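Notes to accompany the following structure.
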Amino acid sequence: MRFEWRASWVLVLLLLACGSGQGHAPCEEACAEGDVECLERACSDAPDEALRAAGDCSSLPEGGRCLGSRVVERCLLGMPLREDCEAGEACVEEADGARCVEGAACVDGVTRCAGSGELETCTDGRWRSRECVAGCVEEGRRGWCGSPGSTLSGNVRYARRRPDAAFRDWTPEAELVPAAGFLIASYRGETLVDMEVTDFDGHFTVKVPAGLQERDRIVVYAAGRGSSATIDYAVADPALSGAQRVPAAPGASARIWSWSRSARALVERPVFTLHESDGSGAAAVFDALRVAWHRARERYGKPGLPVVAWLGFGTTWSCGACFSPRAVTAAGRRWEAQVWLPGDGDAAWWSEAMVLHELGHWVMASHGSSPEEGGPHFVGVPTFPGQAWSEGWATWFSADVRNSPRYYDRQGGTMFWVDLETREPATGSWSRPRPEEGLLQRIDENEVAAILYRLGRGTPSRQPLYDALAAPAMKAAPWARGYLRHRWRMEDGKMVDVEQTDSSAPCLADFLDALMCRGFPRSVMDLATEPAVAYPYPSHSPLCR
């Protein structure tokens with residue numbers, strides 16, 4: 001069924017690229033300037049030059065190729081097609097071509113013995129063979145080059161809560177879930193014996209000294225490594241208490257969240273459980289951070305900025321929850337970006353949606369350009385185009401990673417949610433843009449996210465959206481649509497002292513241009529923006545440079 005659907009999608013694109021407008025006067029000549037409805041009717045069948053330019057399969061090998069670890073790129077019916085692999089799948093290049101293979105995805109750093117006897121290591125989300133002259137030995141589901149000696153195996157799990165069925169609060173009972181991708185270290189006293197990462201099931205096997213002693217321990221860290229040996233992302237306790245202003249310097253004793261158990265105790269009962277009283281909320285945040293870090297690297301083929309997420313139970317921040325590409329040296333290394341998460345009674349650390357939203361800003365800072373138009377913003381209230389673009393992208397990234405259109409969070413003792421697919425908020429009404437107010441009108445950030453959600457669902461792969469964020473046109477000022485950054489402050493829920501600067505900033509329209517100029521289908525664009533009744537993006541005339 002999946003293949004027929006993909007082929008049908010390609011046929012639709014072919015029809016769009018070969019309409020009746022060829023050989024005639026430009027379709028725009030039949031319409032008055034600014035008549036969006038007329039343009040939609042007149043230009044609906046016009047050839048899409050950008051799409052034709054993007055339809056070159058000459059560079060694709062026969063059978064296709066893997067674009068990263070979770071995107072297949074192949075040529076069908078003369079058109080290049082990208083398809084995202086499902087959860088648990090990875091793209092594998094075999095003799096007959098590239099395809100998504102179930103069970104091929106893995107946690108970076110995990111090792112195993114292949115059926116052929118080779119040692120395999122998970123690198124960039126895929127299994128890769130490594131030379132091992134000593135021969136591969138499997139012990140505790142982990143592969144070793146030669147005999148590992150004494151080892152200890154176990155499972156790490158943590159307690160977490162999720163939204164209840166009505167999205168009115170967190171579930172009353174916590175569930176125990178596997179702690180995947182956490183760093184595990186084996187120590188004798190202060191001496192490191194071995195270090196690895198937990199697999200998808202939270203399983204680990206580490207070397208331990210022969211003849212276990214009281215000072216032998218196993219430590220779980222809420223930290224992850226990239227391709228190097230350095231820690232690239234982590235959740236840390238800022239060692240601060242009470243209300244803090246952002247950016248606040250972390251305390252002298254700031255540390256990466258970690259949990260320690262006696263090696264002897266784990267031999268007797270090999271289950272390492274992190275309870276809520278142990279700070280399992282930090283483990284939940286790390287789970288989201290780990291997934292975001294790997295998803296971004298899969299999409300861009302390179303790591304993002306080294307990032308630390310600050311979470312201290314009882315510690316709150318003047319921004320609520322926020323992100324900044326501000327460097328800091330703390331908790332054992334220099335970080336190029338920071339996320340601040342509230343540790344108050346709302347227990348928002350359980351909101352995977354919120355944590356991934358903040359990391360959506362990290363993706364934009366790492367691989368694109370931020371409009372740098374920040375400040376307070378409210379659900380359902382239109383804001384300036386730069387801020388709406390940044391916040392909308394962040395919410396869409398959260399939805400894409402979770403494969404869910406529903407965003408949720410808890411603030412001020414109240415849970416709220418919005419559904420990007422149905423454009424439905426938990427309370428109130430959804431604010432839509434108006435065609436007559438143009439491309440640079442104030443717009444609800446969730447409307448931006450809803451447009452992106454429809455764009456992503458309109459094709460087999462969301463890769464074009466990620467590519468557009470990092471397109472040269474999205475990273476070089478001045479931006480084509482001419483939006484200028486604003487500054488303001490909030491007073492009684494209203495914007496006051498609004499000031500327009502002379503600094504160029506990207507907005508949604510610039511991003512849509514980047515998509516169209518790279519061959520995105522006009523039909524999908526128009527279904528997402530609804531230019532005649534909502535956001536008046538002219539898909540027939542993107543600004544390309």
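Ordering of the structure tokens sets the chain letters (A, B, ...); residue numbers start at 1 within each chain; ligands are numbered from 1 in the order shown.
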
Give me, as a compact mmCIF listing (two decimals) with C-alpha atoms, in the first residue's frame, the residues of region 91-268 of chain A that a backbone DSSP run labels strand (DSSP E).
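Wrote it out as selection-v4.txt, contents follow:
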```txt
# COMPACT_ATOMS: atom_id res chain seq x y z
CA CYS A 91 17.53 3.95 5.82
CA VAL A 92 19.83 1.19 4.61
CA GLU A 93 21.67 1.09 1.28
CA GLU A 94 21.75 -2.45 -0.08
CA GLY A 97 18.95 0.18 -3.57
CA ALA A 98 18.00 2.22 -0.51
CA ARG A 99 15.02 1.41 1.68
CA CYS A 100 13.66 1.86 5.19
CA VAL A 101 14.39 -1.22 7.29
CA GLU A 102 12.54 -1.95 10.53
CA THR A 111 27.82 -2.08 20.06
CA ARG A 112 26.87 -5.61 19.02
CA CYS A 113 28.24 -8.65 17.19
CA LEU A 119 31.83 -5.91 15.61
CA GLU A 120 29.14 -3.33 14.80
CA THR A 121 28.84 0.09 16.39
CA CYS A 122 25.84 2.39 16.14
CA THR A 123 27.06 5.58 14.48
CA ARG A 126 22.86 3.20 11.86
CA TRP A 127 24.87 0.06 12.44
CA ARG A 128 28.38 0.20 10.97
CA SER A 129 31.04 -2.52 10.96
CA ARG A 130 34.35 -2.01 12.71
CA CYS A 136 33.77 -10.10 18.38
CA VAL A 137 32.52 -11.39 21.73
CA GLU A 138 28.94 -10.73 22.83
CA GLU A 139 28.32 -10.28 26.52
CA ARG A 142 26.87 -5.70 24.00
CA GLY A 143 29.59 -6.45 21.49
CA TRP A 144 33.24 -6.43 22.51
CA CYS A 145 36.43 -6.70 20.53
CA THR A 151 30.96 -7.27 33.36
CA LEU A 152 27.71 -6.18 34.95
CA SER A 153 24.41 -5.92 33.05
CA GLY A 154 21.17 -4.25 34.03
CA ASN A 155 18.30 -2.02 32.97
CA VAL A 156 17.67 1.64 33.71
CA ARG A 157 14.13 2.99 33.88
CA TYR A 158 12.58 6.17 35.19
CA ALA A 159 9.20 7.30 36.49
CA ARG A 160 7.33 9.83 34.37
CA GLU A 175 4.64 4.99 34.77
CA LEU A 176 8.07 3.39 34.49
CA VAL A 177 9.66 3.76 31.04
CA PRO A 178 13.06 2.68 29.65
CA LEU A 183 25.47 7.56 29.65
CA ILE A 184 26.42 4.75 32.06
CA ALA A 185 29.75 4.80 33.89
CA SER A 186 31.45 2.15 35.99
CA TYR A 187 33.75 3.42 38.76
CA ARG A 188 36.09 2.03 41.38
CA THR A 191 38.63 5.86 38.81
CA LEU A 192 36.58 5.36 35.64
CA VAL A 193 36.55 1.70 34.59
CA ASP A 194 34.15 1.81 31.61
CA MET A 195 31.49 3.96 29.97
CA GLU A 196 28.70 3.15 27.50
CA VAL A 197 25.12 4.16 26.69
CA HIS A 203 19.72 -2.07 28.89
CA PHE A 204 23.42 -1.72 29.60
CA THR A 205 26.52 -3.85 30.10
CA VAL A 206 29.70 -2.33 31.52
CA LYS A 207 33.07 -3.64 32.64
CA ASP A 216 32.48 0.12 43.15
CA ARG A 217 29.49 1.96 41.73
CA ILE A 218 27.46 2.49 38.59
CA VAL A 219 26.45 6.06 37.66
CA VAL A 220 23.73 7.11 35.21
CA TYR A 221 24.20 10.54 33.60
CA ALA A 223 24.11 13.44 29.19
CA GLY A 224 24.91 12.40 25.64
CA ARG A 225 27.94 12.36 23.39
CA ILE A 231 29.46 15.63 26.11
CA ASP A 232 27.36 17.53 23.54
CA TYR A 233 24.01 17.77 25.33
CA ALA A 234 22.92 17.37 28.93
CA VAL A 235 20.37 18.25 31.58
CA ALA A 236 21.96 19.99 34.56
CA ASP A 237 21.02 21.29 37.99
CA GLY A 242 13.90 30.34 44.02
CA ALA A 243 13.14 32.93 41.33
CA GLN A 244 16.01 33.80 38.98
CA ARG A 255 26.27 19.69 37.87
CA ILE A 256 24.91 17.36 35.23
CA SER A 258 23.29 11.88 37.69
CA TRP A 259 22.20 8.92 39.79
CA SER A 260 24.51 6.43 41.50
CA ARG A 261 24.03 2.85 42.72
CA SER A 262 26.32 0.31 44.34
```

Open item on the list: Quick one: residues within 12 Å of Gly482 (chain A), only C-alpha atoms, excluding same-chain residues fewer than 6 positions away - as JSON, numbers by chain?
Closed with: {"A": [385, 386, 439, 440, 502, 503, 504, 505, 506, 507, 508, 509, 510, 543]}

TODO: Using backbone DSSP assignments, extract all helix (DSSP H, G or I) residues from region 351-492 of chain A; output them as a ChimeraX atom specification.
DONE: /A:352-367,385-402,435-437,445-457,463-469,472-474

TODO: Between A:Glu298, A:Glu424, A:Glu268, A:Asp84, single out the one closest to Gly125 (chain A), counting only C-alpha atoms.
DONE: A:Glu298

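Computed from the coordinates, the CA of Glu336 (chain A) to CA of Tyr300 (chain A) distance equals 18.1 Å.
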
Open item on the list: What's the separation between CA of Arg485 (chain A) and CA of Gln500 (chain A), in Å to one decimal place?
Closed with: 6.1 Å

Task: Residue nearest Trp389 (chain A) among A:Ala337, A:Pro531, A:His367, A:Ala449 (counting only C-alpha atoms) - done: A:Ala449

- [ ] Show which residues sit within 9 Å of region 459-465 of chain A, as a VMD selection string. Count only C-alpha atoms, and ignore same-chain residues fewer than 6 positions away.
- [x] chain A and resid 6 9 71 to 72 81 to 85 299 400 452 511 515 518 520 to 521 524

Open item on the list: Need the shell around Glu62 (chain A): protein/DNA/RNA residues with any atom at most 10 Å away, counting only C-alpha atoms. Skip same-chain ones fewer than 3 positions apart. Format as an NGL selection string?
Closed with: :A and (57-59 or 65 or 74-75 or 96-98)

- [ ] Name all residues at most 10 Å from Glu437 (chain A) (count only C-alpha atoms; drop same-chain ones fewer than 6 positions away) and give them as a PyMOL selection string.
- [x] chain A and resi 534-536

Need to verify the contact set: Phe378 (chain A), 12 Å, only C-alpha atoms, exclusion of same-chain residues closer than 4 positions in sequence. Can you return it as a PDB file with N, CA and C atoms, in the first residue's frame?
```pdb
ATOM      1  N   PRO A 382      -2.232  37.346  18.132  1.00  0.00           N
ATOM      2  CA  PRO A 382      -1.270  37.600  17.053  1.00  0.00           C
ATOM      3  C   PRO A 382      -0.107  38.457  17.530  1.00  0.00           C
ATOM      4  N   THR A 383       1.072  38.168  16.997  1.00  0.00           N
ATOM      5  CA  THR A 383       2.256  38.917  17.357  1.00  0.00           C
ATOM      6  C   THR A 383       3.012  39.291  16.086  1.00  0.00           C
ATOM      7  N   GLN A 387       8.669  37.169  15.564  1.00  0.00           N
ATOM      8  CA  GLN A 387       8.418  36.325  16.721  1.00  0.00           C
ATOM      9  C   GLN A 387       7.477  35.178  16.367  1.00  0.00           C
ATOM     10  N   ALA A 388       6.446  35.461  15.582  1.00  0.00           N
ATOM     11  CA  ALA A 388       5.495  34.409  15.194  1.00  0.00           C
ATOM     12  C   ALA A 388       6.203  33.316  14.397  1.00  0.00           C
ATOM     13  N   GLU A 391       8.491  31.272  16.986  1.00  0.00           N
ATOM     14  CA  GLU A 391       7.680  30.449  17.894  1.00  0.00           C
ATOM     15  C   GLU A 391       6.907  29.381  17.121  1.00  0.00           C
ATOM     16  N   GLN A 411       0.841  25.811  32.956  1.00  0.00           N
ATOM     17  CA  GLN A 411       1.372  27.060  33.504  1.00  0.00           C
ATOM     18  C   GLN A 411       0.348  27.657  34.459  1.00  0.00           C
ATOM     19  N   PHE A 416      -3.078  23.570  29.334  1.00  0.00           N
ATOM     20  CA  PHE A 416      -3.708  24.051  28.104  1.00  0.00           C
ATOM     21  C   PHE A 416      -3.131  23.280  26.926  1.00  0.00           C
ATOM     22  N   SER A 431      -7.228  32.345  16.033  1.00  0.00           N
ATOM     23  CA  SER A 431      -7.056  33.588  15.298  1.00  0.00           C
ATOM     24  C   SER A 431      -6.439  33.297  13.931  1.00  0.00           C
ATOM     25  N   ILE A 443       0.529  37.909  13.299  1.00  0.00           N
ATOM     26  CA  ILE A 443      -0.048  36.581  13.083  1.00  0.00           C
ATOM     27  C   ILE A 443       0.156  35.729  14.330  1.00  0.00           C
ATOM     28  N   ASP A 444      -0.795  34.870  14.609  1.00  0.00           N
ATOM     29  CA  ASP A 444      -0.712  33.959  15.749  1.00  0.00           C
ATOM     30  C   ASP A 444       0.388  32.925  15.481  1.00  0.00           C
ATOM     31  N   GLU A 445       1.263  32.740  16.428  1.00  0.00           N
ATOM     32  CA  GLU A 445       2.352  31.765  16.270  1.00  0.00           C
ATOM     33  C   GLU A 445       1.809  30.359  15.998  1.00  0.00           C
ATOM     34  N   ASN A 446       0.661  30.015  16.560  1.00  0.00           N
ATOM     35  CA  ASN A 446       0.096  28.685  16.327  1.00  0.00           C
ATOM     36  C   ASN A 446      -0.469  28.556  14.912  1.00  0.00           C
ATOM     37  N   MET A 490       5.395  44.519  27.353  1.00  0.00           N
ATOM     38  CA  MET A 490       4.002  44.162  27.623  1.00  0.00           C
ATOM     39  C   MET A 490       3.509  44.877  28.874  1.00  0.00           C
ATOM     40  N   ASP A 492      -0.226  44.974  31.018  1.00  0.00           N
ATOM     41  CA  ASP A 492      -1.604  44.494  31.133  1.00  0.00           C
ATOM     42  C   ASP A 492      -2.008  43.654  29.928  1.00  0.00           C
ATOM     43  N   GLY A 493      -1.079  42.807  29.474  1.00  0.00           N
ATOM     44  CA  GLY A 493      -1.364  41.905  28.365  1.00  0.00           C
ATOM     45  C   GLY A 493      -1.367  42.554  26.999  1.00  0.00           C
ATOM     46  N   LYS A 494      -0.948  43.817  26.900  1.00  0.00           N
ATOM     47  CA  LYS A 494      -0.922  44.519  25.618  1.00  0.00           C
ATOM     48  C   LYS A 494       0.487  44.992  25.297  1.00  0.00           C
ATOM     49  N   MET A 495       0.784  45.051  23.989  1.00  0.00           N
ATOM     50  CA  MET A 495       2.075  45.559  23.530  1.00  0.00           C
ATOM     51  C   MET A 495       2.076  47.079  23.618  1.00  0.00           C
TER      52      MET A 495
END
```

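Shell of Leu420 (chain A) at 7 Å, with only C-alpha atoms counted and residues fewer than 6 places along the chain excluded, is A:Pro405, A:Arg406, A:Ala449, A:Ala450, A:Tyr453.
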
Can I get the selected residues back with all heavy atoms, as a PDB file, in the first residue's frame?
```pdb
ATOM      1  N   PRO A 405      -0.048  16.359  16.419  1.00  0.00           N
ATOM      2  CA  PRO A 405      -0.401  17.760  16.186  1.00  0.00           C
ATOM      3  C   PRO A 405      -0.764  18.520  17.453  1.00  0.00           C
ATOM      4  O   PRO A 405      -0.990  19.727  17.397  1.00  0.00           O
ATOM      5  CB  PRO A 405      -1.611  17.658  15.264  1.00  0.00           C
ATOM      6  CG  PRO A 405      -2.283  16.393  15.691  1.00  0.00           C
ATOM      7  CD  PRO A 405      -1.159  15.452  16.049  1.00  0.00           C
ATOM      8  N   ARG A 406      -0.831  17.839  18.589  1.00  0.00           N
ATOM      9  CA  ARG A 406      -1.309  18.496  19.806  1.00  0.00           C
ATOM     10  C   ARG A 406      -0.139  18.984  20.660  1.00  0.00           C
ATOM     11  O   ARG A 406       0.703  18.207  21.095  1.00  0.00           O
ATOM     12  CB  ARG A 406      -2.201  17.550  20.622  1.00  0.00           C
ATOM     13  CG  ARG A 406      -2.730  18.200  21.901  1.00  0.00           C
ATOM     14  CD  ARG A 406      -3.921  17.464  22.473  1.00  0.00           C
ATOM     15  NE  ARG A 406      -5.114  17.630  21.643  1.00  0.00           N
ATOM     16  CZ  ARG A 406      -6.356  17.417  22.093  1.00  0.00           C
ATOM     17  NH1 ARG A 406      -6.560  17.045  23.339  1.00  0.00           N
ATOM     18  NH2 ARG A 406      -7.379  17.560  21.280  1.00  0.00           N
ATOM     19  N   ALA A 449       2.522  27.584  13.012  1.00  0.00           N
ATOM     20  CA  ALA A 449       2.790  26.161  13.241  1.00  0.00           C
ATOM     21  C   ALA A 449       1.806  25.286  12.474  1.00  0.00           C
ATOM     22  O   ALA A 449       2.180  24.231  11.939  1.00  0.00           O
ATOM     23  CB  ALA A 449       2.729  25.847  14.731  1.00  0.00           C
ATOM     24  N   ALA A 450       0.540  25.709  12.409  1.00  0.00           N
ATOM     25  CA  ALA A 450      -0.474  24.928  11.688  1.00  0.00           C
ATOM     26  C   ALA A 450      -0.176  24.899  10.191  1.00  0.00           C
ATOM     27  O   ALA A 450      -0.358  23.871   9.535  1.00  0.00           O
ATOM     28  CB  ALA A 450      -1.864  25.502  11.947  1.00  0.00           C
ATOM     29  N   TYR A 453       2.613  22.518   9.750  1.00  0.00           N
ATOM     30  CA  TYR A 453       2.135  21.149   9.948  1.00  0.00           C
ATOM     31  C   TYR A 453       1.482  20.623   8.670  1.00  0.00           C
ATOM     32  O   TYR A 453       1.719  19.482   8.260  1.00  0.00           O
ATOM     33  CB  TYR A 453       1.143  21.106  11.108  1.00  0.00           C
ATOM     34  CG  TYR A 453       0.703  19.702  11.466  1.00  0.00           C
ATOM     35  CD1 TYR A 453       1.494  18.887  12.259  1.00  0.00           C
ATOM     36  CD2 TYR A 453      -0.502  19.193  10.988  1.00  0.00           C
ATOM     37  CE1 TYR A 453       1.101  17.597  12.580  1.00  0.00           C
ATOM     38  CE2 TYR A 453      -0.909  17.904  11.296  1.00  0.00           C
ATOM     39  CZ  TYR A 453      -0.100  17.113  12.100  1.00  0.00           C
ATOM     40  OH  TYR A 453      -0.494  15.828  12.395  1.00  0.00           O
TER      41      TYR A 453
END
```

Open item on the list: One decimal, in Å: what's the spacing between CA of Ser241 (chain A) and CA of Gly332 (chain A)?
Closed with: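 Computed distance, CA of Ser241 (chain A) to CA of Gly332 (chain A), equals 20.2 Å.
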